[in-house]
file work15.pdb (PDB, C-alpha atoms)
MODEL        1
ATOM      1  CA  MET A 704      21.211 228.350 331.249  1.00  0.00           C
ATOM      2  CA  PRO A 705      18.161 226.978 329.389  1.00  0.00           C
ATOM      3  CA  LYS A 706      17.143 228.088 325.904  1.00  0.00           C
ATOM      4  CA  PHE A 707      14.096 230.344 325.724  1.00  0.00           C
ATOM      5  CA  ILE A 708      11.043 230.919 323.589  1.00  0.00           C
ATOM      6  CA  ILE A 709      10.036 234.535 324.139  1.00  0.00           C
ATOM      7  CA  LYS A 710       6.397 235.623 323.995  1.00  0.00           C
ATOM      8  CA  ILE A 711       6.443 239.101 322.468  1.00  0.00           C
ATOM      9  CA  THR A 712       4.361 241.115 324.934  1.00  0.00           C
ATOM     10  CA  ALA A 713       6.076 244.490 325.046  1.00  0.00           C
ATOM     11  CA  ASP A 714       7.759 246.981 322.781  1.00  0.00           C
ATOM     12  CA  ASP A 715      11.176 245.683 323.882  1.00  0.00           C
ATOM     13  CA  LYS A 716      13.718 244.777 321.189  1.00  0.00           C
ATOM     14  CA  THR A 717      16.587 244.000 323.584  1.00  0.00           C
ATOM     15  CA  LEU A 718      16.006 240.238 323.579  1.00  0.00           C
ATOM     16  CA  LEU A 719      15.983 239.864 319.814  1.00  0.00           C
ATOM     17  CA  ASP A 720      19.749 239.498 319.566  1.00  0.00           C
ATOM     18  CA  ASN A 721      20.110 237.234 322.597  1.00  0.00           C
ATOM     19  CA  ASP A 722      21.744 233.839 321.913  1.00  0.00           C
ATOM     20  CA  ASP A 723      19.691 232.171 324.689  1.00  0.00           C
ATOM     21  CA  VAL A 724      16.497 232.943 322.744  1.00  0.00           C
ATOM     22  CA  CYS A 725      15.779 230.457 319.971  1.00  0.00           C
ATOM     23  CA  CYS A 726      12.196 231.288 319.005  1.00  0.00           C
ATOM     24  CA  TYR A 727       9.472 233.919 319.415  1.00  0.00           C
ATOM     25  CA  LEU A 728       5.740 233.637 319.990  1.00  0.00           C
ATOM     26  CA  ALA A 729       3.515 236.399 318.666  1.00  0.00           C
ATOM     27  CA  ASP A 730      -0.171 237.139 318.470  1.00  0.00           C
ATOM     28  CA  GLU A 731      -2.219 239.956 317.013  1.00  0.00           C
ATOM     29  CA  ASN A 732      -1.442 242.109 320.083  1.00  0.00           C
ATOM     30  CA  SER A 733       2.344 241.792 319.784  1.00  0.00           C
ATOM     31  CA  ALA A 734       4.212 245.051 319.281  1.00  0.00           C
ATOM     32  CA  PRO A 735       4.497 245.480 315.481  1.00  0.00           C
ATOM     33  CA  ALA A 736       8.054 246.883 315.552  1.00  0.00           C
ATOM     34  CA  VAL A 737       9.291 243.994 317.711  1.00  0.00           C
ATOM     35  CA  LEU A 738       7.459 241.452 315.574  1.00  0.00           C
ATOM     36  CA  ALA A 739       9.032 242.897 312.415  1.00  0.00           C
ATOM     37  CA  LYS A 740      12.524 242.694 313.930  1.00  0.00           C
ATOM     38  CA  ALA A 741      11.896 239.129 315.149  1.00  0.00           C
ATOM     39  CA  GLU A 742      10.772 238.105 311.654  1.00  0.00           C
ATOM     40  CA  ALA A 743      13.990 239.565 310.219  1.00  0.00           C
ATOM     41  CA  SER A 744      16.080 237.426 312.601  1.00  0.00           C
ATOM     42  CA  ASP A 745      17.233 233.909 311.816  1.00  0.00           C
ATOM     43  CA  LYS A 746      14.966 232.531 314.558  1.00  0.00           C
ATOM     44  CA  LEU A 747      11.509 231.001 314.263  1.00  0.00           C
ATOM     45  CA  VAL A 748       8.482 233.205 314.869  1.00  0.00           C
ATOM     46  CA  LEU A 749       5.345 231.247 315.722  1.00  0.00           C
ATOM     47  CA  ALA A 750       1.794 232.505 316.005  1.00  0.00           C
ATOM     48  CA  CYS A 751      -0.164 231.765 319.161  1.00  0.00           C
ATOM     49  CA  GLY A 752      -3.566 232.634 320.536  1.00  0.00           C
ATOM     50  CA  ASP A 753      -7.145 232.095 319.445  1.00  0.00           C
ATOM     51  CA  ARG A 754      -6.508 233.048 315.812  1.00  0.00           C
ATOM     52  CA  ALA A 755      -3.022 231.538 315.573  1.00  0.00           C
ATOM     53  CA  ALA A 756      -3.434 229.810 312.193  1.00  0.00           C
ATOM     54  CA  ASP A 757      -5.027 232.840 310.535  1.00  0.00           C
ATOM     55  CA  PHE A 758      -2.470 235.213 312.069  1.00  0.00           C
ATOM     56  CA  CYS A 759       0.374 232.929 310.957  1.00  0.00           C
ATOM     57  CA  LEU A 760      -0.795 233.146 307.349  1.00  0.00           C
ATOM     58  CA  GLU A 761      -1.647 236.866 307.443  1.00  0.00           C
ATOM     59  CA  ALA A 762       1.721 237.819 308.959  1.00  0.00           C
ATOM     60  CA  GLY A 763       3.758 235.242 307.024  1.00  0.00           C
ATOM     61  CA  LEU A 764       5.107 233.612 310.195  1.00  0.00           C
ATOM     62  CA  ASP A 765       7.013 230.334 310.411  1.00  0.00           C
ATOM     63  CA  GLY A 766       4.308 228.314 312.144  1.00  0.00           C
ATOM     64  CA  VAL A 767       1.840 227.949 314.995  1.00  0.00           C
ATOM     65  CA  LEU A 768       1.679 226.939 318.633  1.00  0.00           C
ATOM     66  CA  MET A 769      -1.739 225.300 319.068  1.00  0.00           C
ATOM     67  CA  SER A 770      -3.436 225.927 322.378  1.00  0.00           C
ATOM     68  CA  ASP A 771      -6.614 223.962 321.673  1.00  0.00           C
ATOM     69  CA  PRO A 772      -7.737 221.450 324.313  1.00  0.00           C
ATOM     70  CA  VAL A 773      -5.880 218.162 323.999  1.00  0.00           C
ATOM     71  CA  ASP A 774      -8.768 215.718 324.083  1.00  0.00           C
ATOM     72  CA  GLU A 775     -10.549 213.292 321.756  1.00  0.00           C
ATOM     73  CA  LYS A 776     -11.235 216.135 319.268  1.00  0.00           C
ATOM     74  CA  PHE A 777      -7.547 217.071 319.021  1.00  0.00           C
ATOM     75  CA  PRO A 778      -6.652 214.901 315.977  1.00  0.00           C
ATOM     76  CA  GLY A 779      -9.418 216.587 313.952  1.00  0.00           C
ATOM     77  CA  LEU A 780      -8.171 220.027 315.017  1.00  0.00           C
ATOM     78  CA  VAL A 781      -4.662 219.082 313.895  1.00  0.00           C
ATOM     79  CA  LYS A 782      -5.977 217.976 310.477  1.00  0.00           C
ATOM     80  CA  ARG A 783      -7.741 221.323 310.048  1.00  0.00           C
ATOM     81  CA  LEU A 784      -4.591 223.154 311.129  1.00  0.00           C
ATOM     82  CA  HIS A 785      -2.478 221.302 308.540  1.00  0.00           C
ATOM     83  CA  LYS A 786      -5.058 221.948 305.861  1.00  0.00           C
ATOM     84  CA  LYS A 787      -4.877 225.660 306.654  1.00  0.00           C
ATOM     85  CA  ILE A 788      -1.130 226.226 307.206  1.00  0.00           C
ATOM     86  CA  GLY A 789       0.377 223.347 305.234  1.00  0.00           C
ATOM     87  CA  LYS A 790       3.720 221.977 306.353  1.00  0.00           C
ATOM     88  CA  LYS A 791       4.738 224.921 308.523  1.00  0.00           C
ATOM     89  CA  PHE A 792       6.394 224.352 311.908  1.00  0.00           C
ATOM     90  CA  TRP A 793       3.898 223.673 314.703  1.00  0.00           C
ATOM     91  CA  GLY A 794       3.745 222.883 318.357  1.00  0.00           C
ATOM     92  CA  ALA A 795       1.037 221.568 320.640  1.00  0.00           C
ATOM     93  CA  ALA A 796       0.388 223.005 324.099  1.00  0.00           C
ATOM     94  CA  CYS A 797      -0.982 220.674 326.759  1.00  0.00           C
ATOM     95  CA  GLY A 798      -1.144 220.089 330.486  1.00  0.00           C
ATOM     96  CA  ILE A 799       1.508 218.067 332.284  1.00  0.00           C
ATOM     97  CA  THR A 800      -0.331 214.757 332.265  1.00  0.00           C
ATOM     98  CA  ARG A 801       0.599 211.468 330.598  1.00  0.00           C
ATOM     99  CA  HIS A 802      -2.751 211.365 328.809  1.00  0.00           C
ATOM    100  CA  GLU A 803      -2.453 214.822 327.225  1.00  0.00           C
ATOM    101  CA  ALA A 804       1.231 214.277 326.398  1.00  0.00           C
ATOM    102  CA  MET A 805       0.376 211.038 324.562  1.00  0.00           C
ATOM    103  CA  ILE A 806      -2.454 212.603 322.546  1.00  0.00           C
ATOM    104  CA  ALA A 807      -0.384 215.669 321.651  1.00  0.00           C
ATOM    105  CA  SER A 808       2.695 213.638 320.706  1.00  0.00           C
ATOM    106  CA  GLU A 809       0.763 211.138 318.595  1.00  0.00           C
ATOM    107  CA  ALA A 810      -0.262 214.070 316.367  1.00  0.00           C
ATOM    108  CA  GLU A 811       3.468 214.466 315.509  1.00  0.00           C
ATOM    109  CA  PRO A 812       4.061 218.127 316.336  1.00  0.00           C
ATOM    110  CA  ASP A 813       7.545 219.599 316.059  1.00  0.00           C
ATOM    111  CA  PHE A 814       7.476 220.145 319.826  1.00  0.00           C
ATOM    112  CA  VAL A 815       5.139 219.874 322.811  1.00  0.00           C
ATOM    113  CA  ALA A 816       4.693 222.806 325.198  1.00  0.00           C
ATOM    114  CA  PHE A 817       3.576 221.914 328.715  1.00  0.00           C
ATOM    115  CA  ARG A 818       1.512 224.079 331.068  1.00  0.00           C
ATOM    116  CA  SER A 819       1.896 223.398 334.769  1.00  0.00           C
ATOM    117  CA  ALA A 820      -1.191 223.179 336.947  1.00  0.00           C
ATOM    118  CA  GLY A 821       0.887 222.999 340.118  1.00  0.00           C
ATOM    119  CA  ARG A 822      -0.031 219.362 340.735  1.00  0.00           C
ATOM    120  CA  ASP A 823       2.212 216.869 342.501  1.00  0.00           C
ATOM    121  CA  GLY A 824       4.024 214.501 340.175  1.00  0.00           C
ATOM    122  CA  GLU A 825       4.482 216.889 337.243  1.00  0.00           C
ATOM    123  CA  ALA A 826       8.284 216.495 337.381  1.00  0.00           C
ATOM    124  CA  ASP A 827       7.807 212.725 337.092  1.00  0.00           C
ATOM    125  CA  VAL A 828       5.582 213.170 334.037  1.00  0.00           C
ATOM    126  CA  LEU A 829       8.193 215.374 332.349  1.00  0.00           C
ATOM    127  CA  ASP A 830      10.912 212.784 333.112  1.00  0.00           C
ATOM    128  CA  TRP A 831       8.672 210.044 331.668  1.00  0.00           C
ATOM    129  CA  TYR A 832       8.021 212.154 328.582  1.00  0.00           C
ATOM    130  CA  ALA A 833      11.735 212.790 327.983  1.00  0.00           C
ATOM    131  CA  GLU A 834      12.455 209.053 328.213  1.00  0.00           C
ATOM    132  CA  LEU A 835       9.585 207.961 325.956  1.00  0.00           C
ATOM    133  CA  PHE A 836       9.454 210.624 323.231  1.00  0.00           C
ATOM    134  CA  LEU A 837      12.101 212.074 320.945  1.00  0.00           C
ATOM    135  CA  LEU A 838      10.114 215.280 320.417  1.00  0.00           C
ATOM    136  CA  GLN A 839      11.505 218.448 321.905  1.00  0.00           C
ATOM    137  CA  SER A 840       9.540 219.930 324.764  1.00  0.00           C
ATOM    138  CA  ALA A 841       8.950 223.340 326.256  1.00  0.00           C
ATOM    139  CA  LEU A 842       7.470 224.553 329.523  1.00  0.00           C
ATOM    140  CA  PHE A 843       5.371 227.681 329.993  1.00  0.00           C
ATOM    141  CA  TYR A 844       7.056 229.683 332.730  1.00  0.00           C
ATOM    142  CA  THR A 845       5.147 231.354 335.538  1.00  0.00           C
ATOM    143  CA  PRO A 846       6.696 232.882 338.673  1.00  0.00           C
ATOM    144  CA  GLU A 847       4.846 230.276 340.788  1.00  0.00           C
ATOM    145  CA  LEU A 848       6.372 227.382 338.825  1.00  0.00           C
ATOM    146  CA  ASP A 849       7.989 224.628 340.878  1.00  0.00           C
ATOM    147  CA  GLU A 850      11.734 225.117 340.327  1.00  0.00           C
ATOM    148  CA  ASN A 851      12.143 221.320 339.955  1.00  0.00           C
ATOM    149  CA  LEU A 852      10.406 221.637 336.580  1.00  0.00           C
ATOM    150  CA  LEU A 853      12.744 224.278 335.114  1.00  0.00           C
ATOM    151  CA  SER A 854      15.366 221.831 333.850  1.00  0.00           C
ATOM    152  CA  LYS A 855      12.966 219.110 332.692  1.00  0.00           C
ATOM    153  CA  THR A 856      12.312 220.429 329.178  1.00  0.00           C
ATOM    154  CA  ASP A 857      14.382 221.696 326.268  1.00  0.00           C
ATOM    155  CA  PHE A 858      12.964 225.237 326.360  1.00  0.00           C
ATOM    156  CA  LEU A 859      11.155 227.674 328.628  1.00  0.00           C
ATOM    157  CA  ILE A 860       8.371 229.818 327.168  1.00  0.00           C
ATOM    158  CA  ILE A 861       8.431 233.157 328.919  1.00  0.00           C
ATOM    159  CA  ASN A 862       7.432 236.772 328.340  1.00  0.00           C
ATOM    160  CA  THR A 863       9.996 239.559 328.153  1.00  0.00           C
ATOM    161  CA  SER A 864       9.603 240.961 331.676  1.00  0.00           C
ATOM    162  CA  GLU A 865       9.620 237.539 333.377  1.00  0.00           C
ATOM    163  CA  TYR A 866      12.667 236.573 331.288  1.00  0.00           C
ATOM    164  CA  LYS A 867      14.728 239.426 332.706  1.00  0.00           C
ATOM    165  CA  ILE A 868      13.728 238.554 336.284  1.00  0.00           C
ATOM    166  CA  LEU A 869      14.469 234.831 335.830  1.00  0.00           C
ATOM    167  CA  VAL A 870      17.869 235.390 334.174  1.00  0.00           C
ATOM    168  CA  ASP A 871      18.893 237.743 336.996  1.00  0.00           C
ATOM    169  CA  LYS A 872      17.820 235.080 339.523  1.00  0.00           C
ATOM    170  CA  ILE A 873      19.766 232.331 337.693  1.00  0.00           C
ATOM    171  CA  LYS A 874      22.886 234.512 337.524  1.00  0.00           C
ATOM    172  CA  ARG A 875      22.681 235.196 341.277  1.00  0.00           C
ATOM    173  CA  LEU A 876      22.453 231.445 341.993  1.00  0.00           C
ATOM    174  CA  ASP A 877      25.506 230.646 339.832  1.00  0.00           C
TER
ENDMDL
END
call {"tool": "encode", "arguments": {"input": "work15.pdb", "output": "structure tokens"}}
result
Amino acid sequence: MPKFIIKITADDKTLLDNDDVCCYLADENSAPAVLAKAEASDKLVLACGDRAADFCLEAGLDGVLMSDPVDEKFPGLVKRLHKKIGKKFWGAACGITRHEAMIASEAEPDFVAFRSAGRDGEADVLDWYAELFLLQSALFYTPELDENLLSKTDFLIINTSEYKILVDKIKRLD
């Protein structure tokens, strides 16, 4: 079974002690009680969303998952992020394209998180990425996601309700 990064979206503490979960994503709308328990765990808690850097500092989180567009302005955004949060853990979210993967990876994040657009060839891009880069990678899960992509990255980013559905599905297939 893959390792998971759980997006805290509900007031559900059941996944906080799960060994398959290695990290949590939180934003200003995350359930405060769940966020507090996640912070008390030995797992990373990263801020995400429009105000990720500010929320990371305000809440004392471990780092940030950037969701800014990965384009020619990206290196400047990364510099501003580092100036704001220092040497905290950070990841870069991007589409599953060689171009975006190169730009994101050249900024030296701790990991790259890919978003599928449902285009043909995305599995090939993830294979290429795994061969070329040593950075860990994650994939944002959606129910429509091509199942060929599920094993192509180190982690799946998923919310609590989708996690339970996916794990039940995986267990049925085993």
call {"tool": "atom_distance", "arguments": {"input": "work15.pdb", "atom1": "atom CA of A:Ala833", "atom2": "atom CA of A:Ile861"}}
result
20.7 Å
call {"tool": "resolve_selection", "arguments": {"input": "work15.pdb", "expression": "the PyMOL selection byres ((chain A and resi 767-770) around 6)", "output": "PyMOL selection string"}}
result
chain A and resi 749-751+766+771+793-796
call {"tool": "closest_residue", "arguments": {"input": "work15.pdb", "among": "A:Leu876, A:Ala807, A:Ile799, A:Val737", "to": "A:Leu842", "atoms": "all atoms listed in the file"}}
result
A:Ile799
call {"tool": "closest_residue", "arguments": {"input": "work15.pdb", "among": "A:Ala756, A:Leu718, A:Cys726, A:Val748", "to": "A:Lys786", "atoms": "all atoms listed in the file"}}
result
A:Ala756
call {"tool": "resolve_selection", "arguments": {"input": "work15.pdb", "expression": "the PyMOL selection byres ((chain A and resi 728-732) around 9)", "output": "count of residues only"}}
result
25
call {"tool": "resolve_selection", "arguments": {"input": "work15.pdb", "expression": "the PyMOL selection byres ((chain A and resi 706) around 9)", "output": "mmCIF file with C-alpha atoms, keeping the file's coordinate frame"}}
result
data_model
loop_
_atom_site.group_PDB
_atom_site.id
_atom_site.type_symbol
_atom_site.label_atom_id
_atom_site.label_comp_id
_atom_site.auth_asym_id
_atom_site.auth_seq_id
_atom_site.Cartn_x
_atom_site.Cartn_y
_atom_site.Cartn_z
ATOM 1 C CA MET A 704 21.211 228.350 331.249
ATOM 2 C CA PRO A 705 18.161 226.978 329.389
ATOM 3 C CA PHE A 707 14.096 230.344 325.724
ATOM 4 C CA ILE A 708 11.043 230.919 323.589
ATOM 5 C CA ASP A 722 21.744 233.839 321.913
ATOM 6 C CA ASP A 723 19.691 232.171 324.689
ATOM 7 C CA VAL A 724 16.497 232.943 322.744
ATOM 8 C CA CYS A 725 15.779 230.457 319.971
ATOM 9 C CA ASP A 857 14.382 221.696 326.268
ATOM 10 C CA PHE A 858 12.964 225.237 326.360
ATOM 11 C CA LEU A 859 11.155 227.674 328.628
#
call {"tool": "residues_around", "arguments": {"input": "work15.pdb", "residues": "A:Glu811", "least_positions_apart": "5", "cutoff": "12 Å", "atoms": "only C-alpha atoms", "output": "list of chain:residue names"}}
result
A:Phe777, A:Pro778, A:Val781, A:Lys782, A:His785, A:Lys790, A:Phe792, A:Trp793, A:Gly794, A:Ala795, A:Ala804, A:Met805, A:Ile806, A:Phe836, A:Leu837, A:Leu838, A:Gln839
call {"tool": "closest_residue", "arguments": {"input": "work15.pdb", "among": "A:Phe843, A:Leu780, A:Glu834, A:Ala826", "to": "A:Cys797", "atoms": "all atoms listed in the file"}}
result
A:Phe843
call {"tool": "atom_distance", "arguments": {"input": "work15.pdb", "atom1": "atom CA of A:Lys855", "atom2": "atom CA of A:Asp830"}}
result
6.7 Å
call {"tool": "atom_distance", "arguments": {"input": "work15.pdb", "atom1": "atom CA of A:Gly763", "atom2": "atom CA of A:Asn721"}}
result
22.7 Å
call {"tool": "residues_around", "arguments": {"input": "work15.pdb", "residues": "A:Asp823", "least_positions_apart": "2", "cutoff": "12 Å", "atoms": "all atoms listed in the file", "output": "list of chain:residue names"}}
result
A:Ile799, A:Thr800, A:Ser819, A:Ala820, A:Gly821, A:Glu825, A:Ala826, A:Asp827, A:Val828, A:Leu829, A:Leu848, A:Asp849, A:Asn851, A:Leu852
